[in-house]
Amino acid sequence: MEKIFDKRPTVHKRKNQKATNITLYRCNLSGRLNIPCGNKIRNKVTIPEWIKYSEICSINCLKGLFETDGCFCEDKSNYTCVIEFKNNCKSLLRDTYQMLKNLGYHPQLGKNYVRLARKKEVFKFKDLITFRSY
């Protein structure tokens with residue numbers, strides 16, 4: 001962070017937790033990183049190419065997307081299972097769909113979702129992105 005932003009971040013270890021807060025305040029940070037701020041639908045936010053075509057970056061990006069706007073559903077009575085990312089930003093959905101395809105999955109692209117519904121793929125993906133456990 002110091003190399004990129006020429007500023008030392010504040011580091012604060014949380015009491016009684018295995019976590020540390022790292023804070024960096026910088027004016028116009030989104031502009032410096034060339035990331036648009038504001039409405040992601042109006043701005044047609046996309047995933048940068050260098051993330052989409054890097055396996056490790058794609059996995060980390062997908063993990064973030066699915067942990068924030070995703071869900072995992074298993075219906076044992078019907079033997080079905082789905083892992084899904086919901087969003088109204090079409091460009092973000094298309095990029096998510098493409099990253100999953102690049103990783104060898106068979107995603108379904110809907111009006112406001114991208115999902116995996118093949119049971120083996122769902123569990124393989126779930127293991128790949130290693131969701132946080134609470």
# chains A, B, ... in the order shown; residues from 1 in each chain; ligands from 1
call {"tool": "residues_around", "arguments": {"residues": "region 3-20 of chain A", "least_positions_apart": "5", "cutoff": "9 Å", "atoms": "only C-alpha atoms", "output": "MDAnalysis selection string"}}
result
chainID A and resid 25:26 32
call {"tool": "closest_residue", "arguments": {"among": "A:Cys71, A:Ser58, A:Arg132, A:Gly64", "to": "Tyr97 (chain A)", "atoms": "only C-alpha atoms"}}
result
A:Ser58
call {"tool": "closest_atom_pairs", "arguments": {"of": "region 11-96 of chain A", "to": "region 108-114 of chain A", "cutoff": "6 Å", "atoms": "only C-alpha atoms", "output": "CSV"}}
result
residue,atom,partner,partner_atom,distance
A:Glu84,CA,A:Val114,CA,5.7
A:Phe85,CA,A:Val114,CA,5.3
A:Lys86,CA,A:Tyr113,CA,4.3
A:Asn87,CA,A:Asn112,CA,5.3
A:Asn88,CA,A:Asn112,CA,5.2
call {"tool": "closest_residue", "arguments": {"among": "A:Ile83, A:Leu92, A:Ile22, A:Phe125", "to": "Gly104 (chain A)", "atoms": "only C-alpha atoms"}}
result
A:Phe125
call {"tool": "select_by_dssp", "arguments": {"residues": "chain A", "states": "strand (DSSP E)", "output": "list in words"}}
result
Thr10, Val11, His12, Lys13, Thr20, Asn21, Ile22, Thr23, Gly70, Cys71, Phe72, Cys73, Glu74, Asp75, Thr80, Cys81, Val82, Ile83, Glu84, Phe85, Lys86, Gln108, Leu109, Tyr113, Val114, Arg115 and Leu116 of chain A
call {"tool": "residues_around", "arguments": {"residues": "Leu65 (chain A)", "least_positions_apart": "4", "cutoff": "9 Å", "atoms": "only C-alpha atoms", "output": "PDB file with N, CA and C atoms, in the first residue's frame"}}
result
ATOM      1  N   ASN A  60     -10.598 -15.262  -6.911  1.00  0.00           N
ATOM      2  CA  ASN A  60     -10.751 -14.309  -5.802  1.00  0.00           C
ATOM      3  C   ASN A  60     -11.881 -13.316  -6.054  1.00  0.00           C
ATOM      4  N   CYS A  61     -12.002 -12.866  -7.293  1.00  0.00           N
ATOM      5  CA  CYS A  61     -13.074 -11.934  -7.658  1.00  0.00           C
ATOM      6  C   CYS A  61     -14.436 -12.608  -7.500  1.00  0.00           C
ATOM      7  N   ASP A  69     -23.218 -10.924  -2.966  1.00  0.00           N
ATOM      8  CA  ASP A  69     -24.530 -10.944  -3.618  1.00  0.00           C
ATOM      9  C   ASP A  69     -24.908 -12.342  -4.109  1.00  0.00           C
ATOM     10  N   GLY A  70     -24.438 -13.356  -3.430  1.00  0.00           N
ATOM     11  CA  GLY A  70     -24.711 -14.714  -3.872  1.00  0.00           C
ATOM     12  C   GLY A  70     -25.463 -15.514  -2.838  1.00  0.00           C
ATOM     13  N   PHE A  85     -25.370 -15.948  -8.212  1.00  0.00           N
ATOM     14  CA  PHE A  85     -24.985 -14.550  -8.001  1.00  0.00           C
ATOM     15  C   PHE A  85     -26.088 -13.698  -8.615  1.00  0.00           C
ATOM     16  N   THR A  96     -19.190 -12.060 -14.930  1.00  0.00           N
ATOM     17  CA  THR A  96     -19.245 -13.185 -13.996  1.00  0.00           C
ATOM     18  C   THR A  96     -19.462 -14.487 -14.764  1.00  0.00           C
TER      19      THR A  96
END
call {"tool": "closest_residue", "arguments": {"among": "A:Asp95, A:Ala117, A:Leu100, A:Glu55", "to": "Tyr79 (chain A)", "atoms": "only C-alpha atoms"}}
result
A:Ala117
call {"tool": "closest_residue", "arguments": {"among": "A:Ile129, A:Leu62, A:Val82, A:Cys37", "to": "Lys101 (chain A)", "atoms": "only C-alpha atoms"}}
result
A:Leu62
call {"tool": "select_by_dssp", "arguments": {"residues": "chain A", "states": "helix (DSSP H, G or I)", "output": "number ranges by chain"}}
result
A: 2-5, 29-32, 49-52, 55-69, 90-102, 119-129
call {"tool": "atom_distance", "arguments": {"atom1": "CA of Phe66 (chain A)", "atom2": "CA of Gly38 (chain A)"}}
result
20.8 Å
call {"tool": "closest_residue", "arguments": {"among": "A:Glu121, A:Phe131, A:Glu2, A:Ile35", "to": "Ile47 (chain A)", "atoms": "only C-alpha atoms"}}
result
A:Ile35
call {"tool": "closest_residue", "arguments": {"among": "A:Leu103, A:Cys89, A:Cys57, A:Leu116", "to": "Asn39 (chain A)", "atoms": "only C-alpha atoms"}}
result
A:Cys89
call {"tool": "atom_distance", "arguments": {"atom1": "CA of Ser77 (chain A)", "atom2": "CA of Leu93 (chain A)"}}
result
29.7 Å
call {"tool": "atom_distance", "arguments": {"atom1": "CA of Val45 (chain A)", "atom2": "CA of Asn21 (chain A)"}}
result
26.9 Å
call {"tool": "decode", "arguments": {"residues": "region 19-57 of chain A", "atoms": "N, CA and C atoms", "output": "PDB file, in the first residue's frame"}}
result
ATOM      1  N   ALA A  19      -8.539 -10.936  13.560  1.00  0.00           N
ATOM      2  CA  ALA A  19      -8.745  -9.980  12.479  1.00  0.00           C
ATOM      3  C   ALA A  19      -7.959  -8.705  12.749  1.00  0.00           C
ATOM      4  N   THR A  20      -7.606  -8.032  11.677  1.00  0.00           N
ATOM      5  CA  THR A  20      -6.910  -6.754  11.747  1.00  0.00           C
ATOM      6  C   THR A  20      -7.568  -5.796  10.770  1.00  0.00           C
ATOM      7  N   ASN A  21      -7.840  -4.589  11.198  1.00  0.00           N
ATOM      8  CA  ASN A  21      -8.357  -3.553  10.305  1.00  0.00           C
ATOM      9  C   ASN A  21      -7.176  -2.785   9.726  1.00  0.00           C
ATOM     10  N   ILE A  22      -7.158  -2.664   8.411  1.00  0.00           N
ATOM     11  CA  ILE A  22      -6.139  -1.869   7.728  1.00  0.00           C
ATOM     12  C   ILE A  22      -6.885  -0.754   7.008  1.00  0.00           C
ATOM     13  N   THR A  23      -6.602   0.478   7.388  1.00  0.00           N
ATOM     14  CA  THR A  23      -7.341   1.620   6.859  1.00  0.00           C
ATOM     15  C   THR A  23      -6.396   2.553   6.122  1.00  0.00           C
ATOM     16  N   LEU A  24      -6.857   3.020   4.967  1.00  0.00           N
ATOM     17  CA  LEU A  24      -6.086   3.988   4.194  1.00  0.00           C
ATOM     18  C   LEU A  24      -7.048   5.057   3.708  1.00  0.00           C
ATOM     19  N   TYR A  25      -6.804   6.274   4.107  1.00  0.00           N
ATOM     20  CA  TYR A  25      -7.620   7.376   3.614  1.00  0.00           C
ATOM     21  C   TYR A  25      -6.821   8.097   2.538  1.00  0.00           C
ATOM     22  N   ARG A  26      -7.441   8.301   1.416  1.00  0.00           N
ATOM     23  CA  ARG A  26      -6.788   9.011   0.317  1.00  0.00           C
ATOM     24  C   ARG A  26      -7.866   9.701  -0.503  1.00  0.00           C
ATOM     25  N   CYS A  27      -7.705  10.989  -0.749  1.00  0.00           N
ATOM     26  CA  CYS A  27      -8.655  11.722  -1.590  1.00  0.00           C
ATOM     27  C   CYS A  27      -8.660  11.135  -2.994  1.00  0.00           C
ATOM     28  N   ASN A  28      -9.821  11.042  -3.582  1.00  0.00           N
ATOM     29  CA  ASN A  28      -9.995  10.597  -4.959  1.00  0.00           C
ATOM     30  C   ASN A  28      -9.379   9.216  -5.212  1.00  0.00           C
ATOM     31  N   LEU A  29      -9.531   8.305  -4.239  1.00  0.00           N
ATOM     32  CA  LEU A  29      -8.948   6.976  -4.358  1.00  0.00           C
ATOM     33  C   LEU A  29      -9.503   6.218  -5.565  1.00  0.00           C
ATOM     34  N   SER A  30     -10.807   6.280  -5.782  1.00  0.00           N
ATOM     35  CA  SER A  30     -11.388   5.557  -6.926  1.00  0.00           C
ATOM     36  C   SER A  30     -10.856   6.115  -8.244  1.00  0.00           C
ATOM     37  N   GLY A  31     -10.641   7.402  -8.321  1.00  0.00           N
ATOM     38  CA  GLY A  31     -10.075   8.009  -9.530  1.00  0.00           C
ATOM     39  C   GLY A  31      -8.640   7.574  -9.764  1.00  0.00           C
ATOM     40  N   ARG A  32      -7.865   7.516  -8.688  1.00  0.00           N
ATOM     41  CA  ARG A  32      -6.467   7.080  -8.799  1.00  0.00           C
ATOM     42  C   ARG A  32      -6.359   5.630  -9.261  1.00  0.00           C
ATOM     43  N   LEU A  33      -7.351   4.812  -8.874  1.00  0.00           N
ATOM     44  CA  LEU A  33      -7.359   3.403  -9.276  1.00  0.00           C
ATOM     45  C   LEU A  33      -8.117   3.181 -10.583  1.00  0.00           C
ATOM     46  N   ASN A  34      -8.634   4.270 -11.140  1.00  0.00           N
ATOM     47  CA  ASN A  34      -9.416   4.215 -12.378  1.00  0.00           C
ATOM     48  C   ASN A  34     -10.647   3.323 -12.225  1.00  0.00           C
ATOM     49  N   ILE A  35     -11.293   3.435 -11.049  1.00  0.00           N
ATOM     50  CA  ILE A  35     -12.524   2.705 -10.767  1.00  0.00           C
ATOM     51  C   ILE A  35     -13.639   3.741 -10.646  1.00  0.00           C
ATOM     52  N   PRO A  36     -14.684   3.624 -11.470  1.00  0.00           N
ATOM     53  CA  PRO A  36     -15.757   4.611 -11.375  1.00  0.00           C
ATOM     54  C   PRO A  36     -16.506   4.488 -10.051  1.00  0.00           C
ATOM     55  N   CYS A  37     -16.900   5.618  -9.498  1.00  0.00           N
ATOM     56  CA  CYS A  37     -17.713   5.573  -8.290  1.00  0.00           C
ATOM     57  C   CYS A  37     -19.141   5.962  -8.674  1.00  0.00           C
ATOM     58  N   GLY A  38     -20.066   5.593  -7.850  1.00  0.00           N
ATOM     59  CA  GLY A  38     -21.465   5.887  -8.134  1.00  0.00           C
ATOM     60  C   GLY A  38     -22.234   4.643  -8.534  1.00  0.00           C
ATOM     61  N   ASN A  39     -23.313   4.845  -9.250  1.00  0.00           N
ATOM     62  CA  ASN A  39     -24.222   3.769  -9.622  1.00  0.00           C
ATOM     63  C   ASN A  39     -23.568   2.797 -10.610  1.00  0.00           C
ATOM     64  N   LYS A  40     -23.423   1.540 -10.194  1.00  0.00           N
ATOM     65  CA  LYS A  40     -22.727   0.563 -11.047  1.00  0.00           C
ATOM     66  C   LYS A  40     -23.534   0.195 -12.282  1.00  0.00           C
ATOM     67  N   ILE A  41     -24.854   0.299 -12.228  1.00  0.00           N
ATOM     68  CA  ILE A  41     -25.678  -0.006 -13.402  1.00  0.00           C
ATOM     69  C   ILE A  41     -25.546   1.117 -14.429  1.00  0.00           C
ATOM     70  N   ARG A  42     -25.689   2.350 -13.962  1.00  0.00           N
ATOM     71  CA  ARG A  42     -25.562   3.499 -14.862  1.00  0.00           C
ATOM     72  C   ARG A  42     -24.152   3.586 -15.449  1.00  0.00           C
ATOM     73  N   ASN A  43     -23.151   3.250 -14.625  1.00  0.00           N
ATOM     74  CA  ASN A  43     -21.758   3.304 -15.073  1.00  0.00           C
ATOM     75  C   ASN A  43     -21.321   2.059 -15.834  1.00  0.00           C
ATOM     76  N   LYS A  44     -22.208   1.074 -15.917  1.00  0.00           N
ATOM     77  CA  LYS A  44     -21.918  -0.191 -16.616  1.00  0.00           C
ATOM     78  C   LYS A  44     -20.570  -0.764 -16.157  1.00  0.00           C
ATOM     79  N   VAL A  45     -20.473  -0.959 -14.848  1.00  0.00           N
ATOM     80  CA  VAL A  45     -19.248  -1.459 -14.243  1.00  0.00           C
ATOM     81  C   VAL A  45     -18.899  -2.829 -14.807  1.00  0.00           C
ATOM     82  N   THR A  46     -17.626  -3.025 -15.096  1.00  0.00           N
ATOM     83  CA  THR A  46     -17.142  -4.303 -15.605  1.00  0.00           C
ATOM     84  C   THR A  46     -15.961  -4.769 -14.764  1.00  0.00           C
ATOM     85  N   ILE A  47     -15.636  -6.029 -14.900  1.00  0.00           N
ATOM     86  CA  ILE A  47     -14.460  -6.597 -14.258  1.00  0.00           C
ATOM     87  C   ILE A  47     -13.276  -6.312 -15.184  1.00  0.00           C
ATOM     88  N   PRO A  48     -12.177  -5.788 -14.667  1.00  0.00           N
ATOM     89  CA  PRO A  48     -11.010  -5.523 -15.526  1.00  0.00           C
ATOM     90  C   PRO A  48     -10.523  -6.792 -16.231  1.00  0.00           C
ATOM     91  N   GLU A  49     -10.021  -6.618 -17.450  1.00  0.00           N
ATOM     92  CA  GLU A  49      -9.553  -7.745 -18.268  1.00  0.00           C
ATOM     93  C   GLU A  49      -8.498  -8.569 -17.541  1.00  0.00           C
ATOM     94  N   TRP A  50      -7.575  -7.915 -16.842  1.00  0.00           N
ATOM     95  CA  TRP A  50      -6.489  -8.640 -16.179  1.00  0.00           C
ATOM     96  C   TRP A  50      -7.018  -9.564 -15.090  1.00  0.00           C
ATOM     97  N   ILE A  51      -8.188  -9.270 -14.546  1.00  0.00           N
ATOM     98  CA  ILE A  51      -8.808 -10.153 -13.556  1.00  0.00           C
ATOM     99  C   ILE A  51      -9.536 -11.294 -14.271  1.00  0.00           C
ATOM    100  N   LYS A  52     -10.290 -10.943 -15.315  1.00  0.00           N
ATOM    101  CA  LYS A  52     -11.089 -11.952 -16.032  1.00  0.00           C
ATOM    102  C   LYS A  52     -10.239 -13.062 -16.628  1.00  0.00           C
ATOM    103  N   TYR A  53      -9.026 -12.747 -17.054  1.00  0.00           N
ATOM    104  CA  TYR A  53      -8.218 -13.740 -17.752  1.00  0.00           C
ATOM    105  C   TYR A  53      -7.069 -14.288 -16.921  1.00  0.00           C
ATOM    106  N   SER A  54      -7.123 -14.057 -15.614  1.00  0.00           N
ATOM    107  CA  SER A  54      -6.172 -14.659 -14.681  1.00  0.00           C
ATOM    108  C   SER A  54      -6.969 -15.617 -13.798  1.00  0.00           C
ATOM    109  N   GLU A  55      -6.563 -16.868 -13.765  1.00  0.00           N
ATOM    110  CA  GLU A  55      -7.322 -17.860 -12.998  1.00  0.00           C
ATOM    111  C   GLU A  55      -7.403 -17.487 -11.520  1.00  0.00           C
ATOM    112  N   ILE A  56      -6.278 -17.172 -10.908  1.00  0.00           N
ATOM    113  CA  ILE A  56      -6.269 -16.866  -9.478  1.00  0.00           C
ATOM    114  C   ILE A  56      -7.047 -15.580  -9.175  1.00  0.00           C
ATOM    115  N   CYS A  57      -6.919 -14.574 -10.026  1.00  0.00           N
ATOM    116  CA  CYS A  57      -7.660 -13.326  -9.820  1.00  0.00           C
ATOM    117  C   CYS A  57      -9.157 -13.548 -10.028  1.00  0.00           C
TER     118      CYS A  57
END
